[in-house]
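Heads up: the structure comes next, in structure tokens.
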Amino acid sequence: MRHPEREELLHDRCLILNRAQRPDGSWYALDTRRLLRNVVAAGTLYTLTMTTEVCEELGLATVPREVTPGLRPVMEIAGVDQELIDWSSTRRQRIEEALEGITAQYVEDHGRLPDERARHGLGWWAAQDTRPAKKDPKRLEQLRAWWKVSAILRVGQEMVDGLLDRCRAGGQRSGRG
């Protein structure tokens, strides 16, 4: 059963202005070619910074989880049950399915597996190909209520209500909290 409302799960964006102010007060344009060459590293640094701040504020920790065999693991909040991750990742599943076909075509065209930069580009392409049409925005309170009810129906009241405590305990067990 698809839950289209979950497609609007809260997420963030990193916006970089291509102009910066020097210490002397003058302005200059950033060399965006360098930024684009390092987009994966920039995205990783942004995600690491945001995750670190959230974990420090809430008393949580991260742990590595292998999502795709052979690729670098992703960092996730310690203590989040796999069932809850699965509940919230329906779009990711569609992207991964599309990515398999796009990657197979890449291998056929180039005779090799994509490197990290190419994988990032193929992932973006798969995300665009599977992106649902935009819906009218909903108020955050509405979305939060829907997410909570939907999660309770899928994984149970106890799992939802005890999530923060389990995550804090998971951080303690991992030695990072």
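Chain labels run A, B, ... following the order of the structure tokens; each chain numbers its residues from 1, and ligands are numbered from 1 in the order shown.
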For this session: Would you kindly return, as a VMD selection string, each protein, DNA or RNA residue with an atom no farther than 10 Å from any atom of A:Thr47, considering only C-alpha atoms and excluding same-chain residues fewer than 5 positions away?
Result: chain A and resid 12 to 14 41 to 42 52 to 53 75
For this session: Any chance you could list, as a PyMOL selection string, the residues in stretch 87-141 of chain A that come up helix (DSSP H, G or I) when DSSP is run on the backbone?
Result: chain A and resi 87+90-110+116-130+140-141
Same residues, N, CA and C atoms, output as an mmCIF file, in the first residue's frame:
```cif
data_model
loop_
_atom_site.group_PDB
_atom_site.id
_atom_site.type_symbol
_atom_site.label_atom_id
_atom_site.label_comp_id
_atom_site.auth_asym_id
_atom_site.auth_seq_id
_atom_site.Cartn_x
_atom_site.Cartn_y
_atom_site.Cartn_z
ATOM 1 N N TRP A 87 9.487 1.774 6.781
ATOM 2 C CA TRP A 87 8.223 2.499 6.674
ATOM 3 C C TRP A 87 8.426 3.842 5.984
ATOM 4 N N THR A 90 9.846 4.530 1.219
ATOM 5 C CA THR A 90 9.210 4.019 0.006
ATOM 6 C C THR A 90 9.784 4.693 -1.241
ATOM 7 N N ARG A 91 10.081 5.965 -1.175
ATOM 8 C CA ARG A 91 10.656 6.652 -2.340
ATOM 9 C C ARG A 91 12.049 6.122 -2.616
ATOM 10 N N ARG A 92 12.830 5.917 -1.570
ATOM 11 C CA ARG A 92 14.185 5.394 -1.744
ATOM 12 C C ARG A 92 14.133 4.049 -2.465
ATOM 13 N N GLN A 93 13.156 3.231 -2.135
ATOM 14 C CA GLN A 93 13.043 1.929 -2.792
ATOM 15 C C GLN A 93 12.798 2.110 -4.293
ATOM 16 N N ARG A 94 11.938 3.061 -4.657
ATOM 17 C CA ARG A 94 11.678 3.310 -6.086
ATOM 18 C C ARG A 94 12.929 3.849 -6.781
ATOM 19 N N ILE A 95 13.664 4.722 -6.101
ATOM 20 C CA ILE A 95 14.899 5.263 -6.669
ATOM 21 C C ILE A 95 15.902 4.137 -6.885
ATOM 22 N N GLU A 96 16.058 3.257 -5.896
ATOM 23 C CA GLU A 96 17.025 2.168 -6.014
ATOM 24 C C GLU A 96 16.669 1.237 -7.165
ATOM 25 N N GLU A 97 15.373 0.979 -7.349
ATOM 26 C CA GLU A 97 14.951 0.136 -8.466
ATOM 27 C C GLU A 97 15.299 0.791 -9.802
ATOM 28 N N ALA A 98 15.026 2.100 -9.917
ATOM 29 C CA ALA A 98 15.358 2.825 -11.153
ATOM 30 C C ALA A 98 16.867 2.869 -11.355
ATOM 31 N N LEU A 99 17.608 3.037 -10.266
ATOM 32 C CA LEU A 99 19.065 3.136 -10.342
ATOM 33 C C LEU A 99 19.695 1.852 -10.871
ATOM 34 N N GLU A 100 19.105 0.720 -10.549
ATOM 35 C CA GLU A 100 19.631 -0.549 -11.069
ATOM 36 C C GLU A 100 19.644 -0.543 -12.592
ATOM 37 N N GLY A 101 18.531 -0.130 -13.184
ATOM 38 C CA GLY A 101 18.445 -0.092 -14.650
ATOM 39 C C GLY A 101 19.371 0.945 -15.258
ATOM 40 N N ILE A 102 19.455 2.113 -14.646
ATOM 41 C CA ILE A 102 20.320 3.180 -15.151
ATOM 42 C C ILE A 102 21.788 2.766 -15.041
ATOM 43 N N THR A 103 22.148 2.107 -13.948
ATOM 44 C CA THR A 103 23.526 1.652 -13.766
ATOM 45 C C THR A 103 23.865 0.562 -14.781
ATOM 46 N N ALA A 104 22.941 -0.345 -15.023
ATOM 47 C CA ALA A 104 23.174 -1.397 -16.023
ATOM 48 C C ALA A 104 23.415 -0.775 -17.398
ATOM 49 N N GLN A 105 22.655 0.253 -17.740
ATOM 50 C CA GLN A 105 22.851 0.934 -19.020
ATOM 51 C C GLN A 105 24.217 1.618 -19.064
ATOM 52 N N TYR A 106 24.623 2.214 -17.947
ATOM 53 C CA TYR A 106 25.939 2.863 -17.862
ATOM 54 C C TYR A 106 27.051 1.847 -18.127
ATOM 55 N N VAL A 107 26.949 0.677 -17.476
ATOM 56 C CA VAL A 107 27.956 -0.371 -17.658
ATOM 57 C C VAL A 107 27.984 -0.821 -19.112
ATOM 58 N N GLU A 108 26.819 -0.975 -19.715
ATOM 59 C CA GLU A 108 26.758 -1.382 -21.126
ATOM 60 C C GLU A 108 27.402 -0.334 -22.021
ATOM 61 N N ASP A 109 27.132 0.944 -21.752
ATOM 62 C CA ASP A 109 27.667 2.032 -22.573
ATOM 63 C C ASP A 109 29.165 2.253 -22.374
ATOM 64 N N HIS A 110 29.654 2.091 -21.136
ATOM 65 C CA HIS A 110 31.038 2.446 -20.814
ATOM 66 C C HIS A 110 31.951 1.246 -20.564
ATOM 67 N N GLU A 116 32.631 7.050 -8.108
ATOM 68 C CA GLU A 116 31.798 7.720 -7.105
ATOM 69 C C GLU A 116 31.052 8.926 -7.680
ATOM 70 N N ARG A 117 31.725 9.736 -8.459
ATOM 71 C CA ARG A 117 31.080 10.921 -9.043
ATOM 72 C C ARG A 117 29.954 10.509 -9.999
ATOM 73 N N ALA A 118 30.229 9.503 -10.823
ATOM 74 C CA ALA A 118 29.207 9.029 -11.755
ATOM 75 C C ALA A 118 28.028 8.416 -11.007
ATOM 76 N N ARG A 119 28.304 7.669 -9.923
ATOM 77 C CA ARG A 119 27.212 7.092 -9.118
ATOM 78 C C ARG A 119 26.330 8.203 -8.555
ATOM 79 N N HIS A 120 26.962 9.290 -8.122
ATOM 80 C CA HIS A 120 26.183 10.422 -7.613
ATOM 81 C C HIS A 120 25.267 10.965 -8.714
ATOM 82 N N GLY A 121 25.814 11.132 -9.910
ATOM 83 C CA GLY A 121 25.018 11.626 -11.033
ATOM 84 C C GLY A 121 23.902 10.668 -11.421
ATOM 85 N N LEU A 122 24.200 9.376 -11.428
ATOM 86 C CA LEU A 122 23.174 8.385 -11.758
ATOM 87 C C LEU A 122 22.087 8.367 -10.691
ATOM 88 N N GLY A 123 22.487 8.541 -9.426
ATOM 89 C CA GLY A 123 21.507 8.610 -8.344
ATOM 90 C C GLY A 123 20.584 9.801 -8.517
ATOM 91 N N TRP A 124 21.162 10.946 -8.905
ATOM 92 C CA TRP A 124 20.348 12.146 -9.152
ATOM 93 C C TRP A 124 19.365 11.877 -10.284
ATOM 94 N N TRP A 125 19.851 11.237 -11.341
ATOM 95 C CA TRP A 125 19.009 10.929 -12.485
ATOM 96 C C TRP A 125 17.861 10.004 -12.076
ATOM 97 N N ALA A 126 18.170 8.976 -11.301
ATOM 98 C CA ALA A 126 17.126 8.049 -10.837
ATOM 99 C C ALA A 126 16.109 8.779 -9.963
ATOM 100 N N ALA A 127 16.595 9.695 -9.119
ATOM 101 C CA ALA A 127 15.684 10.464 -8.262
ATOM 102 C C ALA A 127 14.754 11.338 -9.105
ATOM 103 N N GLN A 128 15.292 11.943 -10.159
ATOM 104 C CA GLN A 128 14.461 12.782 -11.018
ATOM 105 C C GLN A 128 13.428 11.939 -11.772
ATOM 106 N N ASP A 129 13.852 10.775 -12.244
ATOM 107 C CA ASP A 129 12.943 9.907 -12.995
ATOM 108 C C ASP A 129 11.793 9.380 -12.136
ATOM 109 N N THR A 130 11.995 9.282 -10.839
ATOM 110 C CA THR A 130 10.961 8.720 -9.963
ATOM 111 C C THR A 130 10.245 9.770 -9.129
ATOM 112 N N LEU A 140 2.923 22.004 8.501
ATOM 113 C CA LEU A 140 3.791 21.070 9.195
ATOM 114 C C LEU A 140 3.034 20.284 10.260
ATOM 115 N N GLU A 141 2.130 20.937 10.976
ATOM 116 C CA GLU A 141 1.357 20.239 12.011
ATOM 117 C C GLU A 141 0.548 19.101 11.400
#
```
Problem set entry | 12 Å contact set for A:Ile16, only C-alpha atoms, chain neighbours under 5 positions out, as number ranges by chain | A: 29-32, 35-36, 39, 42-43, 46
Could you write out the selected residues, including all heavy atoms, as a PDB file, in the first residue's frame?
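File written: selection-v4.pdb
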```pdb
ATOM      1  N   ALA A  29      33.166  36.410  -6.876  1.00  0.00           N
ATOM      2  CA  ALA A  29      32.387  35.218  -7.238  1.00  0.00           C
ATOM      3  C   ALA A  29      33.221  33.969  -6.959  1.00  0.00           C
ATOM      4  O   ALA A  29      34.430  33.951  -7.197  1.00  0.00           O
ATOM      5  CB  ALA A  29      32.002  35.273  -8.710  1.00  0.00           C
ATOM      6  N   LEU A  30      32.562  32.961  -6.429  1.00  0.00           N
ATOM      7  CA  LEU A  30      33.222  31.682  -6.197  1.00  0.00           C
ATOM      8  C   LEU A  30      33.471  30.986  -7.528  1.00  0.00           C
ATOM      9  O   LEU A  30      32.727  31.176  -8.494  1.00  0.00           O
ATOM     10  CB  LEU A  30      32.354  30.785  -5.318  1.00  0.00           C
ATOM     11  CG  LEU A  30      32.067  31.265  -3.909  1.00  0.00           C
ATOM     12  CD1 LEU A  30      31.110  30.303  -3.225  1.00  0.00           C
ATOM     13  CD2 LEU A  30      33.347  31.389  -3.111  1.00  0.00           C
ATOM     14  N   ASP A  31      34.477  30.148  -7.583  1.00  0.00           N
ATOM     15  CA  ASP A  31      34.753  29.331  -8.757  1.00  0.00           C
ATOM     16  C   ASP A  31      33.852  28.103  -8.666  1.00  0.00           C
ATOM     17  O   ASP A  31      34.180  27.121  -7.996  1.00  0.00           O
ATOM     18  CB  ASP A  31      36.227  28.936  -8.789  1.00  0.00           C
ATOM     19  CG  ASP A  31      36.580  28.116 -10.018  1.00  0.00           C
ATOM     20  OD1 ASP A  31      35.676  27.767 -10.802  1.00  0.00           O
ATOM     21  OD2 ASP A  31      37.769  27.827 -10.191  1.00  0.00           O
ATOM     22  N   THR A  32      32.698  28.178  -9.299  1.00  0.00           N
ATOM     23  CA  THR A  32      31.721  27.087  -9.176  1.00  0.00           C
ATOM     24  C   THR A  32      32.185  25.813  -9.870  1.00  0.00           C
ATOM     25  O   THR A  32      31.696  24.735  -9.560  1.00  0.00           O
ATOM     26  CB  THR A  32      30.347  27.510  -9.730  1.00  0.00           C
ATOM     27  OG1 THR A  32      30.505  27.986 -11.073  1.00  0.00           O
ATOM     28  CG2 THR A  32      29.734  28.601  -8.874  1.00  0.00           C
ATOM     29  N   LEU A  35      33.575  23.782  -7.167  1.00  0.00           N
ATOM     30  CA  LEU A  35      32.504  23.262  -6.318  1.00  0.00           C
ATOM     31  C   LEU A  35      31.823  22.078  -6.993  1.00  0.00           C
ATOM     32  O   LEU A  35      31.588  21.048  -6.361  1.00  0.00           O
ATOM     33  CB  LEU A  35      31.494  24.362  -6.008  1.00  0.00           C
ATOM     34  CG  LEU A  35      30.345  23.969  -5.099  1.00  0.00           C
ATOM     35  CD1 LEU A  35      30.862  23.504  -3.738  1.00  0.00           C
ATOM     36  CD2 LEU A  35      29.395  25.136  -4.918  1.00  0.00           C
ATOM     37  N   LEU A  36      31.515  22.204  -8.277  1.00  0.00           N
ATOM     38  CA  LEU A  36      30.866  21.105  -8.995  1.00  0.00           C
ATOM     39  C   LEU A  36      31.755  19.866  -9.064  1.00  0.00           C
ATOM     40  O   LEU A  36      31.275  18.747  -8.996  1.00  0.00           O
ATOM     41  CB  LEU A  36      30.447  21.553 -10.390  1.00  0.00           C
ATOM     42  CG  LEU A  36      29.255  22.501 -10.421  1.00  0.00           C
ATOM     43  CD1 LEU A  36      29.005  23.011 -11.839  1.00  0.00           C
ATOM     44  CD2 LEU A  36      28.013  21.828  -9.871  1.00  0.00           C
ATOM     45  N   VAL A  39      31.279  18.143  -5.662  1.00  0.00           N
ATOM     46  CA  VAL A  39      29.909  18.170  -5.153  1.00  0.00           C
ATOM     47  C   VAL A  39      29.642  17.043  -4.157  1.00  0.00           C
ATOM     48  O   VAL A  39      28.937  17.231  -3.166  1.00  0.00           O
ATOM     49  CB  VAL A  39      28.880  18.180  -6.311  1.00  0.00           C
ATOM     50  CG1 VAL A  39      28.851  16.844  -7.047  1.00  0.00           C
ATOM     51  CG2 VAL A  39      27.502  18.548  -5.812  1.00  0.00           C
ATOM     52  N   ALA A  42      31.296  18.067  -0.910  1.00  0.00           N
ATOM     53  CA  ALA A  42      30.557  19.178  -0.303  1.00  0.00           C
ATOM     54  C   ALA A  42      29.265  18.683   0.340  1.00  0.00           C
ATOM     55  O   ALA A  42      28.920  19.070   1.461  1.00  0.00           O
ATOM     56  CB  ALA A  42      30.257  20.254  -1.346  1.00  0.00           C
ATOM     57  N   GLY A  43      28.554  17.805  -0.357  1.00  0.00           N
ATOM     58  CA  GLY A  43      27.322  17.247   0.202  1.00  0.00           C
ATOM     59  C   GLY A  43      27.579  16.409   1.440  1.00  0.00           C
ATOM     60  O   GLY A  43      26.829  16.459   2.417  1.00  0.00           O
ATOM     61  N   TYR A  46      28.326  18.779   4.338  1.00  0.00           N
ATOM     62  CA  TYR A  46      27.093  19.401   4.813  1.00  0.00           C
ATOM     63  C   TYR A  46      26.292  18.417   5.667  1.00  0.00           C
ATOM     64  O   TYR A  46      25.852  18.748   6.774  1.00  0.00           O
ATOM     65  CB  TYR A  46      26.245  19.887   3.635  1.00  0.00           C
ATOM     66  CG  TYR A  46      24.883  20.349   4.047  1.00  0.00           C
ATOM     67  CD1 TYR A  46      24.710  21.566   4.701  1.00  0.00           C
ATOM     68  CD2 TYR A  46      23.766  19.561   3.816  1.00  0.00           C
ATOM     69  CE1 TYR A  46      23.459  21.996   5.103  1.00  0.00           C
ATOM     70  CE2 TYR A  46      22.505  19.983   4.221  1.00  0.00           C
ATOM     71  CZ  TYR A  46      22.364  21.194   4.856  1.00  0.00           C
ATOM     72  OH  TYR A  46      21.117  21.605   5.266  1.00  0.00           O
TER      73      TYR A  46
END
```
Exercise. With distances taken over only C-alpha atoms, which of A:Ile77, A:Ala151, A:Ile85, A:Met159 is nearest to A:Leu60?
Worked result: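 For A:Leu60, the nearest of the candidates is A:Ile77.
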Problem set entry | Nearby residues (only C-alpha atoms) at most 12 Å from A:Arg166, same-chain spacing under 6 positions excluded, as a PyMOL selection string | chain A and resi 59-61+77-81+158-160+172-173+177
Exercise. What does the distance from atom CA of A:Arg144 to atom CA of A:Gly156 come to in Å, to one decimal?
Worked result: 16.1 Å
Problem set entry | Residue with smallest distance to A:Cys167 - pool A:Ile152, A:Asn38, A:Arg19, A:Leu58, counting only C-alpha atoms |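 Distance minimum relative to A:Cys167 lands on A:Leu58.
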Problem set entry | Coordinates-based distance that separates atom CA of A:Leu84 from atom CA of A:Arg65 (Å, one decimal) | 14.5 Å
For this session: Take atom CA of A:Val74 and atom CA of A:Arg131 and report the distance between them in Å, one decimal.
Result: 21.8 Å
